[in-house]
$ cat protein.cif   # mmCIF, C-alpha atoms
data_work
#
loop_
_atom_site.label_atom_id
_atom_site.label_comp_id
_atom_site.auth_asym_id
_atom_site.auth_seq_id
_atom_site.Cartn_x
_atom_site.Cartn_y
_atom_site.Cartn_z
CA MET A 1 68.30 -101.25 -58.65
CA SER A 2 71.78 -99.76 -58.54
CA ASP A 3 72.63 -97.92 -61.74
CA TRP A 4 76.05 -97.79 -63.37
CA ASP A 5 78.51 -95.11 -62.28
CA PRO A 6 79.87 -93.51 -65.48
CA ASP A 7 82.78 -91.83 -63.68
CA GLN A 8 83.88 -95.08 -62.06
CA TYR A 9 83.62 -96.92 -65.37
CA ARG A 10 85.73 -94.31 -67.16
CA ARG A 11 88.60 -94.53 -64.66
CA PHE A 12 90.21 -97.03 -67.02
CA SER A 13 88.88 -95.57 -70.24
CA ALA A 14 92.08 -96.10 -72.24
CA GLU A 15 92.27 -99.78 -71.30
CA ARG A 16 88.56 -100.29 -72.03
CA ALA A 17 88.80 -98.47 -75.35
CA GLN A 18 91.58 -100.66 -76.74
CA PRO A 19 89.44 -103.76 -77.41
CA PHE A 20 86.66 -101.53 -78.76
CA TRP A 21 88.94 -100.17 -81.47
CA ASP A 22 90.36 -103.63 -82.15
CA LEU A 23 86.76 -104.70 -82.78
CA VAL A 24 85.99 -101.73 -85.02
CA ASP A 25 89.11 -102.49 -87.04
CA LEU A 26 87.54 -105.81 -88.04
CA VAL A 27 84.63 -104.02 -89.73
CA ASP A 28 84.59 -103.30 -93.46
CA ALA A 29 83.73 -99.61 -93.48
CA THR A 30 82.85 -99.50 -97.17
CA THR A 31 79.40 -100.98 -96.62
CA VAL A 32 78.37 -99.36 -93.32
CA ARG A 33 75.62 -96.76 -93.64
CA ARG A 34 73.25 -97.71 -90.79
CA MET A 35 74.75 -98.99 -87.54
CA VAL A 36 73.46 -99.78 -84.07
CA ASP A 37 75.60 -100.01 -80.94
CA LEU A 38 74.01 -102.33 -78.39
CA GLY A 39 75.34 -101.39 -74.97
CA CYS A 40 76.62 -97.98 -76.03
CA GLY A 41 77.34 -96.66 -72.52
CA ASP A 42 77.93 -92.91 -72.56
CA GLY A 43 78.02 -92.97 -76.37
CA ALA A 44 81.45 -91.36 -76.79
CA LEU A 45 83.07 -94.36 -78.48
CA SER A 46 79.91 -95.01 -80.51
CA VAL A 47 80.06 -91.56 -82.07
CA GLU A 48 83.79 -91.88 -82.80
CA ALA A 49 83.20 -95.26 -84.44
CA ALA A 50 80.35 -93.95 -86.60
CA THR A 51 82.63 -91.14 -87.79
CA ARG A 52 85.50 -93.48 -88.52
CA LEU A 53 83.25 -95.92 -90.40
CA GLY A 54 81.46 -93.18 -92.33
CA ALA A 55 77.99 -94.20 -91.11
CA ASP A 56 75.00 -92.07 -92.06
CA THR A 57 72.90 -93.30 -89.11
CA LEU A 58 73.90 -94.35 -85.59
CA VAL A 59 71.53 -95.61 -82.92
CA GLY A 60 72.96 -96.34 -79.48
CA ILE A 61 71.01 -98.49 -77.02
CA ASP A 62 71.81 -98.95 -73.34
CA SER A 63 70.00 -100.05 -70.18
CA SER A 64 71.68 -97.51 -67.87
CA PRO A 65 69.90 -94.17 -67.45
CA ALA A 66 73.06 -92.69 -65.91
CA MET A 67 75.13 -93.65 -68.94
CA LEU A 68 72.52 -92.38 -71.40
CA GLU A 69 72.30 -89.08 -69.55
CA ARG A 70 75.95 -88.46 -70.50
CA THR A 71 75.13 -88.71 -74.21
CA ALA A 72 73.42 -85.31 -74.05
CA ALA A 73 76.82 -83.64 -73.65
CA LEU A 74 78.39 -85.27 -76.71
CA GLU A 75 79.52 -83.24 -79.68
CA LEU A 76 77.72 -84.97 -82.53
CA PRO A 77 79.01 -85.15 -86.10
CA THR A 78 76.96 -83.18 -88.60
CA ALA A 79 77.31 -85.91 -91.23
CA THR A 80 75.65 -88.60 -89.07
CA ASP A 81 72.09 -88.89 -87.78
CA VAL A 82 72.66 -89.93 -84.15
CA GLY A 83 70.16 -91.11 -81.57
CA PHE A 84 70.43 -92.78 -78.17
CA THR A 85 67.67 -94.67 -76.42
CA HIS A 86 67.01 -96.83 -73.38
CA GLY A 87 66.63 -100.53 -74.11
CA ASP A 88 67.53 -104.07 -73.17
CA LEU A 89 69.81 -105.82 -75.64
CA ALA A 90 68.51 -109.20 -74.42
CA THR A 91 65.02 -108.37 -75.71
CA TRP A 92 66.00 -106.16 -78.63
CA THR A 93 63.96 -107.82 -81.34
CA THR A 94 63.26 -107.47 -85.03
CA THR A 95 59.47 -107.22 -84.73
CA ASN A 96 59.63 -103.49 -85.50
CA GLU A 97 60.67 -102.59 -89.03
CA ALA A 98 62.91 -99.88 -87.57
CA HIS A 99 64.99 -102.68 -86.06
CA ARG A 100 65.72 -104.26 -89.44
CA GLY A 101 68.10 -103.55 -92.27
CA TRP A 102 71.21 -102.62 -90.28
CA ASP A 103 74.56 -102.68 -92.05
CA LEU A 104 76.34 -103.17 -88.71
CA VAL A 105 75.26 -104.51 -85.34
CA LEU A 106 78.02 -103.64 -82.87
CA ALA A 107 78.15 -104.86 -79.26
CA ASN A 108 81.23 -104.11 -77.20
CA ALA A 109 81.48 -105.53 -73.65
CA SER A 110 77.70 -105.86 -73.32
CA LEU A 111 76.60 -109.32 -74.53
CA GLN A 112 78.06 -110.97 -71.41
CA TRP A 113 75.36 -109.39 -69.25
CA VAL A 114 72.58 -111.47 -70.81
CA PRO A 115 72.05 -115.26 -71.05
CA ASP A 116 71.32 -117.53 -74.02
CA HIS A 117 73.78 -116.02 -76.47
CA GLU A 118 72.71 -118.33 -79.28
CA ALA A 119 69.17 -116.95 -79.22
CA VAL A 120 70.35 -113.36 -78.82
CA LEU A 121 72.77 -113.65 -81.74
CA ARG A 122 69.99 -115.12 -83.88
CA ARG A 123 67.84 -112.02 -83.22
CA TRP A 124 70.74 -109.71 -83.97
CA THR A 125 71.40 -111.60 -87.20
CA ASP A 126 67.78 -111.19 -88.25
CA ALA A 127 68.22 -107.44 -87.82
CA LEU A 128 71.01 -107.27 -90.40
CA ALA A 129 70.55 -106.31 -94.03
CA PRO A 130 71.96 -108.62 -96.72
CA GLY A 131 75.72 -108.28 -96.52
CA GLY A 132 75.41 -106.80 -93.04
CA GLN A 133 78.11 -107.24 -90.43
CA LEU A 134 78.09 -108.36 -86.81
CA ALA A 135 80.93 -107.24 -84.50
CA VAL A 136 80.97 -108.37 -80.87
CA GLN A 137 83.46 -108.24 -78.01
CA VAL A 138 82.84 -110.06 -74.73
CA PRO A 139 85.04 -110.16 -71.63
CA ALA A 140 86.01 -113.73 -70.75
CA ASN A 141 87.92 -113.14 -67.53
CA GLY A 142 85.61 -114.97 -65.17
CA THR A 143 88.35 -117.32 -63.95
CA HIS A 144 90.62 -114.52 -62.75
CA ALA A 145 90.94 -113.90 -59.01
CA SER A 146 89.26 -110.52 -59.49
CA HIS A 147 86.01 -112.38 -60.24
CA VAL A 148 86.46 -115.52 -58.15
CA VAL A 149 87.18 -113.58 -54.95
CA ALA A 150 84.03 -111.49 -55.43
CA ASN A 151 81.98 -114.68 -55.37
CA GLU A 152 83.79 -115.87 -52.25
CA VAL A 153 83.14 -112.62 -50.39
CA GLY A 154 79.50 -112.67 -51.46
CA ALA A 155 79.18 -116.07 -49.79
CA THR A 156 80.18 -114.62 -46.39
CA GLU A 157 78.05 -112.76 -43.88
CA PRO A 158 76.50 -110.28 -43.63
CA PHE A 159 76.43 -110.23 -47.42
CA LEU A 160 75.01 -113.67 -48.10
CA ASP A 161 71.95 -113.06 -45.95
CA ALA A 162 71.38 -109.67 -47.58
CA LEU A 163 71.67 -111.38 -50.98
CA GLY A 164 68.84 -113.73 -50.07
CA GLY A 165 71.18 -116.67 -49.52
CA GLN A 166 72.45 -116.80 -53.09
CA VAL A 167 75.49 -115.18 -54.68
CA PRO A 168 74.52 -113.53 -57.99
CA ALA A 169 75.98 -115.39 -60.96
CA ASP A 170 79.03 -113.90 -62.60
CA PRO A 171 77.98 -113.20 -66.21
CA SER A 172 81.56 -113.52 -67.46
CA ALA A 173 81.68 -117.06 -66.09
CA TYR A 174 78.12 -118.25 -66.72
CA ASN A 175 76.95 -116.47 -69.87
CA VAL A 176 80.09 -116.25 -71.99
CA LEU A 177 80.74 -119.22 -74.26
CA ALA A 178 83.98 -120.73 -75.49
CA PRO A 179 85.35 -119.13 -78.69
CA GLU A 180 84.68 -122.27 -80.70
CA GLU A 181 81.02 -122.15 -79.63
CA TYR A 182 80.65 -118.67 -81.08
CA ALA A 183 82.28 -119.92 -84.28
CA ARG A 184 79.74 -122.77 -84.45
CA ILE A 185 76.82 -120.42 -83.85
CA LEU A 186 77.98 -118.03 -86.56
CA PHE A 187 78.31 -120.92 -89.00
CA GLU A 188 74.83 -122.25 -88.19
CA LEU A 189 73.37 -118.75 -88.55
CA GLY A 190 74.59 -118.76 -92.13
CA TYR A 191 77.29 -116.11 -92.05
CA GLU A 192 79.39 -115.98 -95.20
CA THR A 193 82.64 -115.16 -93.40
CA GLN A 194 83.65 -115.08 -89.76
CA GLN A 195 86.60 -114.40 -87.49
CA VAL A 196 86.64 -115.40 -83.82
CA THR A 197 89.64 -114.53 -81.65
CA LEU A 198 90.54 -114.98 -77.98
CA ARG A 199 92.89 -112.18 -76.95
CA VAL A 200 94.71 -111.49 -73.70
CA TYR A 201 95.11 -107.77 -73.04
CA PRO A 202 98.26 -107.15 -70.95
CA HIS A 203 97.18 -104.26 -68.71
CA VAL A 204 99.80 -102.84 -66.38
CA LEU A 205 98.05 -101.03 -63.51
CA ASP A 206 99.69 -98.74 -60.98
CA SER A 207 99.02 -101.25 -58.22
CA SER A 208 96.99 -104.36 -57.43
CA SER A 209 94.53 -102.12 -55.56
CA ASP A 210 93.53 -100.70 -58.94
CA VAL A 211 91.94 -104.06 -59.77
CA VAL A 212 89.36 -103.29 -57.08
CA GLU A 213 88.52 -99.99 -58.75
CA TRP A 214 88.35 -101.66 -62.17
CA VAL A 215 85.92 -104.37 -61.05
CA ARG A 216 83.95 -101.94 -58.92
CA GLY A 217 82.91 -100.19 -62.13
CA THR A 218 81.70 -103.37 -63.83
CA ASN A 219 81.42 -106.84 -62.31
CA LEU A 220 80.60 -105.74 -58.75
CA ASN A 221 77.42 -104.11 -60.04
CA ARG A 222 75.76 -107.52 -59.81
CA PHE A 223 76.21 -107.29 -56.02
CA PHE A 224 75.27 -103.61 -55.76
CA GLU A 225 71.98 -104.33 -57.52
CA ARG A 226 70.93 -106.69 -54.73
CA LEU A 227 72.68 -105.40 -51.62
CA PRO A 228 71.21 -102.52 -49.58
CA ALA A 229 73.11 -99.26 -50.06
CA ASP A 230 74.62 -99.37 -46.56
CA LEU A 231 76.41 -102.62 -47.44
CA HIS A 232 77.98 -101.42 -50.69
CA GLU A 233 81.12 -99.95 -49.15
CA PRO A 234 81.55 -102.74 -46.56
CA PHE A 235 81.37 -105.23 -49.43
CA VAL A 236 84.01 -103.34 -51.43
CA GLU A 237 86.34 -103.18 -48.42
CA ALA A 238 85.88 -106.89 -47.65
CA TYR A 239 86.52 -107.64 -51.30
CA ARG A 240 89.62 -105.43 -51.34
CA ALA A 241 91.13 -107.19 -48.32
CA ALA A 242 90.40 -110.66 -49.69
CA LEU A 243 91.64 -109.86 -53.18
CA LEU A 244 94.93 -108.35 -52.02
CA ARG A 245 95.54 -111.40 -49.85
CA ARG A 246 95.09 -113.50 -53.00
CA ILE A 247 97.05 -111.48 -55.59
CA GLY A 248 99.37 -109.53 -53.29
CA ASP A 249 99.64 -105.82 -52.53
CA VAL A 250 102.13 -104.91 -55.24
CA ALA A 251 102.99 -102.03 -57.56
CA PRO A 252 102.85 -102.10 -60.49
CA TYR A 253 100.40 -104.95 -61.09
CA PHE A 254 100.10 -106.98 -64.29
CA TYR A 255 96.41 -107.61 -65.00
CA PRO A 256 95.92 -110.06 -67.88
CA PHE A 257 92.41 -109.66 -69.25
CA LYS A 258 90.90 -112.23 -71.63
CA ARG A 259 88.39 -111.08 -74.22
CA ILE A 260 86.67 -112.76 -77.17
CA LEU A 261 86.27 -110.69 -80.33
CA PHE A 262 84.26 -111.89 -83.30
CA HIS A 263 83.19 -110.45 -86.62
CA ALA A 264 80.98 -112.00 -89.29
CA ARG A 265 79.25 -110.98 -92.50
CA ARG A 266 75.92 -112.13 -93.89
CA PRO A 267 75.69 -113.25 -97.53
#
$ encode --input "protein.cif" --output "structure tokens"
Amino acid sequence: MSDWDPDQYRRFSAERAQPFWDLVDLVDATTVRRMVDLGCGDGALSVEAATRLGADTLVGIDSSPAMLERTAALELPTATDVGFTHGDLATWTTTNEAHRGWDLVLANASLQWVPDHEAVLRRWTDALAPGGQLAVQVPANGTHASHVVANEVGATEPFLDALGGQVPADPSAYNVLAPEEYARILFELGYETQQVTLRVYPHVLDSSSDVVEWVRGTNLNRFFERLPADLHEPFVEAYRAALLRRIGDVAPYFYPFKRILFHARRP
């Protein structure tokens, strides 16, 4: 399995942080004492959020050993008990008492990697204390050329054969639901209040080539996990050529990025 590259991911840290803070701004900080960040990455934003929200306890969970390794270098706040651990948010359950009673379950740009969001959100809801809050942000940009072209390149040789004859599904296109579906799920899960928003983030990149570097740190991982290492760079270069033919080789480049943000509170 190919692990995440923290340095590649952080190349666009400012752009990636913007929706995170928009999500945190939806949270009522007055009731947050225990919070968990599912898909915490290198933990830097998690720690900042816990400080801003005044949380006494923060647990960050991520599936990437490389990302979690970076948490060791963080400067931790003395007022917050902080811990990071390896885990799979798809199977994060409430069978352990330690997984119950959270005031905030936060998941920023992580839910899209797993299927069956209705079932996952039900488990996360069960983990909340009475009055607890759920705050989730999911990328919904699967229809953009940056994603579509990756699928097209994956369907060409020698990549398709190396992929076992099947292009890996794009989680942003196959797992992410329509905003109104999340609203329905939150209602059926019994949340007292909810807010679901589809936002387009207007990123202006130095050039259209930067889109390759952006996607290389996220969506292309689904190919890297299944391709042999000696095909990683050839795939990126084939993708670069195909993408620039589609969107043009221009500078600067306007990269509209759709994301769904939702926040809800239990009774």
$ closest_residue --input "protein.cif" --among "A:Trp102, A:Tyr255, A:Phe224, A:Tyr174" --to "Ser146 of chain A" --atoms "all atoms listed in the file"
A:Tyr255
$ residues_around --input "protein.cif" --residues "Thr143 of chain A" --least-positions-apart "5" --cutoff "9 Å" --atoms "all atoms listed in the file" --output "ChimeraX atom specification"
/A:148,172-173
$ closest_residue --input "protein.cif" --among "A:Gly190, A:Gly39, A:Pro256, A:Gly101" --to "Gly132 of chain A" --atoms "all atoms listed in the file"
A:Gly101
$ closest_residue --input "protein.cif" --among "A:Ala242, A:Ala66, A:Leu220, A:Leu261" --to "Glu180 of chain A" --atoms "all atoms listed in the file"
A:Leu261
$ residues_around --input "protein.cif" --residues "segment 69-82 of chain A" --least-positions-apart "4" --cutoff "8 Å" --atoms "all atoms listed in the file" --output "ChimeraX atom specification"
/A:42-44,47,50-51,55-60,65
$ decode --input "protein.cif" --residues "segment 69-81 of chain A" --atoms "all heavy atoms" --output "PDB file, in the first residue's frame"
ATOM      1  N   GLU A  69       3.033  10.150  12.082  1.00  0.00           N
ATOM      2  CA  GLU A  69       4.412  10.343  12.512  1.00  0.00           C
ATOM      3  C   GLU A  69       4.714  11.825  12.719  1.00  0.00           C
ATOM      4  O   GLU A  69       5.485  12.196  13.610  1.00  0.00           O
ATOM      5  CB  GLU A  69       5.362   9.735  11.481  1.00  0.00           C
ATOM      6  CG  GLU A  69       6.817   9.772  11.891  1.00  0.00           C
ATOM      7  CD  GLU A  69       7.712   9.094  10.866  1.00  0.00           C
ATOM      8  OE1 GLU A  69       7.181   8.421   9.960  1.00  0.00           O
ATOM      9  OE2 GLU A  69       8.942   9.255  10.972  1.00  0.00           O
ATOM     10  N   ARG A  70       4.080  12.686  11.914  1.00  0.00           N
ATOM     11  CA  ARG A  70       4.317  14.128  12.011  1.00  0.00           C
ATOM     12  C   ARG A  70       3.739  14.718  13.306  1.00  0.00           C
ATOM     13  O   ARG A  70       4.160  15.791  13.723  1.00  0.00           O
ATOM     14  CB  ARG A  70       3.700  14.846  10.810  1.00  0.00           C
ATOM     15  CG  ARG A  70       4.339  14.484   9.474  1.00  0.00           C
ATOM     16  CD  ARG A  70       5.776  14.958   9.397  1.00  0.00           C
ATOM     17  NE  ARG A  70       6.411  14.623   8.149  1.00  0.00           N
ATOM     18  CZ  ARG A  70       6.477  15.435   7.091  1.00  0.00           C
ATOM     19  NH1 ARG A  70       5.910  16.635   7.150  1.00  0.00           N
ATOM     20  NH2 ARG A  70       7.084  15.049   5.999  1.00  0.00           N
ATOM     21  N   THR A  71       2.772  14.038  13.908  1.00  0.00           N
ATOM     22  CA  THR A  71       2.163  14.585  15.121  1.00  0.00           C
ATOM     23  C   THR A  71       3.148  14.649  16.279  1.00  0.00           C
ATOM     24  O   THR A  71       2.961  15.426  17.216  1.00  0.00           O
ATOM     25  CB  THR A  71       0.934  13.764  15.556  1.00  0.00           C
ATOM     26  OG1 THR A  71       1.342  12.438  15.940  1.00  0.00           O
ATOM     27  CG2 THR A  71      -0.087  13.658  14.416  1.00  0.00           C
ATOM     28  N   ALA A  72       4.208  13.837  16.219  1.00  0.00           N
ATOM     29  CA  ALA A  72       5.185  13.821  17.314  1.00  0.00           C
ATOM     30  C   ALA A  72       5.918  15.146  17.439  1.00  0.00           C
ATOM     31  O   ALA A  72       6.443  15.473  18.508  1.00  0.00           O
ATOM     32  CB  ALA A  72       6.183  12.686  17.106  1.00  0.00           C
ATOM     33  N   ALA A  73       5.963  15.919  16.348  1.00  0.00           N
ATOM     34  CA  ALA A  73       6.700  17.180  16.364  1.00  0.00           C
ATOM     35  C   ALA A  73       5.827  18.369  16.740  1.00  0.00           C
ATOM     36  O   ALA A  73       6.317  19.502  16.797  1.00  0.00           O
ATOM     37  CB  ALA A  73       7.338  17.423  14.995  1.00  0.00           C
ATOM     38  N   LEU A  74       4.553  18.132  17.013  1.00  0.00           N
ATOM     39  CA  LEU A  74       3.646  19.239  17.315  1.00  0.00           C
ATOM     40  C   LEU A  74       3.909  19.823  18.697  1.00  0.00           C
ATOM     41  O   LEU A  74       4.256  19.102  19.637  1.00  0.00           O
ATOM     42  CB  LEU A  74       2.188  18.757  17.250  1.00  0.00           C
ATOM     43  CG  LEU A  74       1.649  18.363  15.878  1.00  0.00           C
ATOM     44  CD1 LEU A  74       0.257  17.763  16.022  1.00  0.00           C
ATOM     45  CD2 LEU A  74       1.619  19.568  14.937  1.00  0.00           C
ATOM     46  N   GLU A  75       3.727  21.123  18.801  1.00  0.00           N
ATOM     47  CA  GLU A  75       3.766  21.779  20.102  1.00  0.00           C
ATOM     48  C   GLU A  75       2.360  21.726  20.681  1.00  0.00           C
ATOM     49  O   GLU A  75       1.444  22.359  20.164  1.00  0.00           O
ATOM     50  CB  GLU A  75       4.224  23.227  19.959  1.00  0.00           C
ATOM     51  CG  GLU A  75       4.364  23.955  21.282  1.00  0.00           C
ATOM     52  CD  GLU A  75       4.926  25.347  21.121  1.00  0.00           C
ATOM     53  OE1 GLU A  75       5.478  25.643  20.046  1.00  0.00           O
ATOM     54  OE2 GLU A  75       4.799  26.143  22.075  1.00  0.00           O
ATOM     55  N   LEU A  76       2.183  20.956  21.732  1.00  0.00           N
ATOM     56  CA  LEU A  76       0.843  20.688  22.259  1.00  0.00           C
ATOM     57  C   LEU A  76       0.473  21.693  23.343  1.00  0.00           C
ATOM     58  O   LEU A  76       1.315  22.102  24.149  1.00  0.00           O
ATOM     59  CB  LEU A  76       0.775  19.273  22.822  1.00  0.00           C
ATOM     60  CG  LEU A  76       1.112  18.146  21.849  1.00  0.00           C
ATOM     61  CD1 LEU A  76       0.984  16.803  22.544  1.00  0.00           C
ATOM     62  CD2 LEU A  76       0.210  18.210  20.619  1.00  0.00           C
ATOM     63  N   PRO A  77      -0.791  22.088  23.377  1.00  0.00           N
ATOM     64  CA  PRO A  77      -1.240  23.028  24.411  1.00  0.00           C
ATOM     65  C   PRO A  77      -1.265  22.353  25.774  1.00  0.00           C
ATOM     66  O   PRO A  77      -1.657  21.192  25.905  1.00  0.00           O
ATOM     67  CB  PRO A  77      -2.650  23.406  23.940  1.00  0.00           C
ATOM     68  CG  PRO A  77      -3.104  22.234  23.113  1.00  0.00           C
ATOM     69  CD  PRO A  77      -1.869  21.712  22.440  1.00  0.00           C
ATOM     70  N   THR A  78      -0.864  23.072  26.793  1.00  0.00           N
ATOM     71  CA  THR A  78      -0.832  22.500  28.137  1.00  0.00           C
ATOM     72  C   THR A  78      -2.227  22.337  28.723  1.00  0.00           C
ATOM     73  O   THR A  78      -2.434  21.517  29.622  1.00  0.00           O
ATOM     74  CB  THR A  78      -0.004  23.400  29.077  1.00  0.00           C
ATOM     75  OG1 THR A  78      -0.569  24.727  29.073  1.00  0.00           O
ATOM     76  CG2 THR A  78       1.447  23.479  28.615  1.00  0.00           C
ATOM     77  N   ALA A  79      -3.195  23.082  28.195  1.00  0.00           N
ATOM     78  CA  ALA A  79      -4.544  23.039  28.754  1.00  0.00           C
ATOM     79  C   ALA A  79      -5.392  21.922  28.160  1.00  0.00           C
ATOM     80  O   ALA A  79      -6.535  21.725  28.583  1.00  0.00           O
ATOM     81  CB  ALA A  79      -5.243  24.382  28.526  1.00  0.00           C
ATOM     82  N   THR A  80      -4.857  21.178  27.186  1.00  0.00           N
ATOM     83  CA  THR A  80      -5.631  20.139  26.509  1.00  0.00           C
ATOM     84  C   THR A  80      -4.893  18.816  26.552  1.00  0.00           C
ATOM     85  O   THR A  80      -3.690  18.750  26.262  1.00  0.00           O
ATOM     86  CB  THR A  80      -5.905  20.526  25.042  1.00  0.00           C
ATOM     87  OG1 THR A  80      -6.490  21.827  24.985  1.00  0.00           O
ATOM     88  CG2 THR A  80      -6.835  19.521  24.379  1.00  0.00           C
ATOM     89  N   ASP A  81      -5.615  17.745  26.906  1.00  0.00           N
ATOM     90  CA  ASP A  81      -5.074  16.392  26.862  1.00  0.00           C
ATOM     91  C   ASP A  81      -5.195  15.904  25.423  1.00  0.00           C
ATOM     92  O   ASP A  81      -6.306  15.707  24.923  1.00  0.00           O
ATOM     93  CB  ASP A  81      -5.865  15.493  27.810  1.00  0.00           C
ATOM     94  CG  ASP A  81      -5.335  14.072  27.825  1.00  0.00           C
ATOM     95  OD1 ASP A  81      -4.194  13.850  27.372  1.00  0.00           O
ATOM     96  OD2 ASP A  81      -6.081  13.169  28.259  1.00  0.00           O
TER      97      ASP A  81
END
